$ cat run.txt   # compact mmCIF, C-alpha atoms and all ligand atoms
# COMPACT_ATOMS: atom_id res chain seq x y z
CA MET A 478 25.96 39.75 23.27
CA ASN A 479 26.89 36.13 22.45
CA ASN A 480 25.56 36.51 18.91
CA ILE A 481 28.66 38.46 17.84
CA ILE A 482 30.54 36.50 15.17
CA GLY A 483 33.49 38.83 14.84
CA VAL A 484 34.84 42.36 14.74
CA GLY A 485 37.11 44.05 12.22
CA THR A 486 38.75 47.41 11.76
CA ASP A 487 40.79 49.11 9.06
CA ILE A 488 42.56 52.40 8.46
CA VAL A 489 43.27 53.75 5.00
CA GLU A 490 45.26 56.74 3.78
CA THR A 491 42.99 58.97 1.72
CA GLU A 492 45.88 59.93 -0.57
CA ARG A 493 46.67 56.30 -1.39
CA VAL A 494 43.11 55.72 -2.54
CA ARG A 495 43.14 58.94 -4.57
CA GLU A 496 46.30 57.73 -6.36
CA LEU A 497 44.82 54.29 -7.02
CA ILE A 498 41.66 55.81 -8.50
CA GLU A 499 43.52 58.32 -10.63
CA LYS A 500 46.34 56.05 -11.83
CA THR A 501 44.67 52.63 -12.07
CA PRO A 502 41.57 52.90 -14.26
CA LYS A 503 40.28 49.42 -13.30
CA PHE A 504 40.45 50.11 -9.55
CA LEU A 505 37.12 51.94 -9.31
CA GLU A 506 35.31 49.33 -11.34
CA ARG A 507 36.86 46.43 -9.41
CA VAL A 508 36.18 47.77 -5.91
CA TYR A 509 33.06 49.96 -5.86
CA THR A 510 29.40 49.47 -6.78
CA LYS A 511 27.69 52.06 -8.98
CA THR A 512 25.73 53.29 -5.95
CA GLU A 513 29.00 53.84 -4.08
CA VAL A 514 30.63 55.65 -7.00
CA ASP A 515 27.61 57.93 -7.42
CA TYR A 516 27.49 58.65 -3.68
CA CYS A 517 31.20 59.52 -3.44
CA ASN A 518 31.26 61.56 -6.65
CA GLY A 519 28.42 63.66 -5.24
CA LYS A 520 30.52 64.71 -2.23
CA LYS A 521 32.91 67.66 -1.93
CA ASN A 522 35.83 65.60 -0.56
CA LYS A 523 35.06 62.54 -2.65
CA TYR A 524 38.32 60.67 -1.99
CA GLN A 525 37.59 60.59 1.75
CA HIS A 526 34.31 58.81 0.98
CA PHE A 527 35.99 56.41 -1.44
CA ALA A 528 38.72 55.75 1.14
CA VAL A 529 36.30 55.04 3.96
CA ARG A 530 34.37 52.58 1.79
CA PHE A 531 37.61 50.75 1.03
CA ALA A 532 38.32 50.63 4.79
CA ALA A 533 34.77 49.41 5.43
CA LYS A 534 35.14 46.51 2.99
CA GLU A 535 38.44 45.48 4.59
CA ALA A 536 36.95 45.75 8.09
CA ILE A 537 34.02 43.54 7.05
CA ILE A 538 36.41 40.95 5.57
CA LYS A 539 38.13 40.81 8.98
CA ALA A 540 34.88 40.66 10.94
CA LEU A 541 33.50 37.79 8.84
CA ASN A 542 36.87 36.13 8.14
CA LEU A 543 35.96 36.07 4.44
CA LYS A 544 38.27 34.35 1.97
CA GLU A 545 38.56 35.29 -1.68
CA VAL A 546 35.65 37.72 -1.63
CA ALA A 547 35.36 40.32 -4.39
CA LEU A 548 35.46 43.76 -2.79
CA LYS A 549 32.63 44.83 -5.08
CA ASP A 550 30.39 42.14 -3.57
CA ILE A 551 30.49 44.08 -0.31
CA ALA A 552 28.23 47.07 -0.81
CA ILE A 553 27.91 50.12 1.42
CA LYS A 554 24.78 52.25 1.25
CA ASN A 555 23.61 55.05 3.47
CA MET A 556 20.23 55.23 5.20
CA SER A 557 18.24 58.47 4.93
CA ASP A 558 19.87 59.73 8.15
CA GLY A 559 23.37 59.02 6.74
CA LYS A 560 24.03 55.86 8.73
CA PRO A 561 26.03 53.34 6.67
CA LEU A 562 24.54 49.95 5.89
CA ALA A 563 26.52 47.02 4.48
CA THR A 564 25.28 44.11 2.40
CA ILE A 565 27.34 41.15 1.24
CA LYS A 566 26.35 39.21 -1.88
CA GLY A 567 25.08 35.79 -0.87
CA GLY A 568 25.26 36.60 2.85
CA LYS A 569 22.16 35.30 4.59
CA ASN A 570 22.79 34.33 8.19
CA PHE A 571 24.53 37.38 9.50
CA GLU A 572 24.31 41.13 9.76
CA VAL A 573 27.11 43.67 9.72
CA HIS A 574 27.07 46.84 11.82
CA LEU A 575 29.39 49.57 10.61
CA SER A 576 30.85 52.80 11.89
CA LEU A 577 32.88 55.04 9.57
CA SER A 578 34.90 58.20 10.05
CA HIS A 579 37.19 60.15 7.72
CA SER A 580 39.39 63.19 7.68
CA LYS A 581 41.69 64.81 5.10
CA ASP A 582 44.42 62.19 5.60
CA TYR A 583 42.83 59.03 7.01
CA ALA A 584 39.65 57.01 6.85
CA VAL A 585 38.71 54.42 9.45
CA ALA A 586 36.04 51.77 9.60
CA TYR A 587 34.86 49.47 12.36
CA ALA A 588 32.61 46.49 11.70
CA ILE A 589 30.77 44.09 13.99
CA ALA A 590 29.24 40.95 12.49
CA THR A 591 26.33 39.34 14.32
CA LYS A 592 24.23 36.24 13.76
CA LYS A 593 20.84 37.07 12.33
CA ILE A 594 18.12 36.35 14.86
CA ASN A 595 14.85 35.25 13.24
C1 LIG B 1 26.71 62.00 11.57
C2 LIG B 1 27.93 62.67 12.23
C3 LIG B 1 28.13 62.03 13.58
C4 LIG B 1 29.16 62.48 11.31
O1 LIG B 1 30.31 62.90 12.00
P1 LIG B 1 31.45 63.78 11.32
O2 LIG B 1 32.48 64.04 12.34
O3 LIG B 1 30.83 64.93 10.61
O4 LIG B 1 32.06 62.88 10.16
P2 LIG B 1 32.87 61.49 10.23
O5 LIG B 1 33.93 61.56 9.21
O6 LIG B 1 33.31 61.13 11.62
O7 LIG B 1 31.76 60.44 9.82
C5 LIG B 1 31.24 60.45 8.53
C6 LIG B 1 30.53 59.14 8.35
O8 LIG B 1 29.57 58.96 9.40
C7 LIG B 1 28.56 58.09 8.93
N1 LIG B 1 27.26 58.62 9.33
C8 LIG B 1 26.60 59.66 8.80
N2 LIG B 1 25.43 59.84 9.44
C9 LIG B 1 25.35 58.89 10.39
C10 LIG B 1 24.37 58.52 11.37
N3 LIG B 1 23.23 59.18 11.50
N4 LIG B 1 24.63 57.46 12.19
C11 LIG B 1 25.77 56.76 12.05
N5 LIG B 1 26.75 57.05 11.13
C12 LIG B 1 26.52 58.10 10.33
C13 LIG B 1 28.69 58.00 7.41
O9 LIG B 1 29.17 56.70 7.10
C14 LIG B 1 29.73 59.06 7.08
O10 LIG B 1 30.59 58.75 6.02
P3 LIG B 1 30.01 58.59 4.51
O11 LIG B 1 29.19 59.81 4.23
O12 LIG B 1 31.26 58.51 3.67
O13 LIG B 1 29.22 57.32 4.51
C15 LIG B 1 27.66 64.18 12.40
O14 LIG B 1 27.59 64.81 11.17
C16 LIG B 1 26.40 64.49 13.19
O15 LIG B 1 25.31 64.50 12.70
N6 LIG B 1 26.58 64.78 14.48
C17 LIG B 1 25.44 65.05 15.30
C18 LIG B 1 25.79 66.18 16.22
C19 LIG B 1 25.87 67.45 15.46
O16 LIG B 1 25.00 67.76 14.68
N7 LIG B 1 26.95 68.15 15.66
C20 LIG B 1 27.22 69.36 14.94
C21 LIG B 1 26.79 70.57 15.72
S1 LIG B 1 27.79 70.82 17.12
$ encode --input "run.txt" --output "structure tokens"
Amino acid sequence: MNNIIGVGTDIVETERVRELIEKTPKFLERVYTKTEVDYCNGKKNKYQHFAVRFAAKEAIIKALNLKEVALKDIAIKNMSDGKPLATIKGGKNFEVHLSLSHSKDYAVAYAIATKKIN
């Protein structure tokens, strides 16, 4: 397991993200990709999905020790089985493994960054 670069975790209050989305029009545009917005808007408890993606981006920033990254450059998609998959714009030599969970009040994300093995 010596190819692990770093780990990161984050917890976000669902309500805080709901407020940011509803009261700050630029927040959605600044933080989420169109794919993420479409995915979350298609869900019953959409703010939980928005909140967990915010947590995921923060967890990835910690795992990779990124500086001055745009949150929108970190994109979360879901595989056909629902498993989340992260991509970072310009990121070539590493992979990020994600685990997400959310409830009515909180969303948590855990990220592990590993060196890409060719
Ligand atoms: C996938 C599963 C583990 C999600 O767990 P959950 O408690 O419903 O929901 P959580 O809030 O903890 O997790 C949701 C997140 O899990 C992630 N997820 C979904 N499917 C996944 C999978 N196959 N592998 C890894 N992560 C997955 C997603 O990121 C999702 O959030 P998102 O939709 O916003 O991206 C669950 O639905 C499941 O399939 N369990 C299998 C066992 C089962 O079917 N139990 C029910 C009968 S007893």
$ closest_residue --input "run.txt" --among "A:Asn480, A:His526, A:Tyr516, A:Glu506" --to "Met556 in chain A" --atoms "only C-alpha atoms"
A:Tyr516
$ closest_residue --input "run.txt" --among "A:Leu577, A:Val546, A:Ile538, A:Ala533" --to "ligand LIG 1 (chain B)" --atoms "all atoms listed in the file"
A:Leu577
$ atom_distance --input "run.txt" --atom1 "CA of Cys517 in chain A" --atom2 "atom C21 of ligand LIG 1 (chain B)"
22.6 Å
$ residues_near_ligand --input "run.txt" --ligand "ligand LIG 1 (chain B)" --cutoff "12 Å" --atoms "all atoms listed in the file" --output "ChimeraX atom specification"
/A:491,512-533,552-563,574-588
$ atom_distance --input "run.txt" --atom1 "CA of Lys566 in chain A" --atom2 "CA of Ala540 in chain A"
15.5 Å
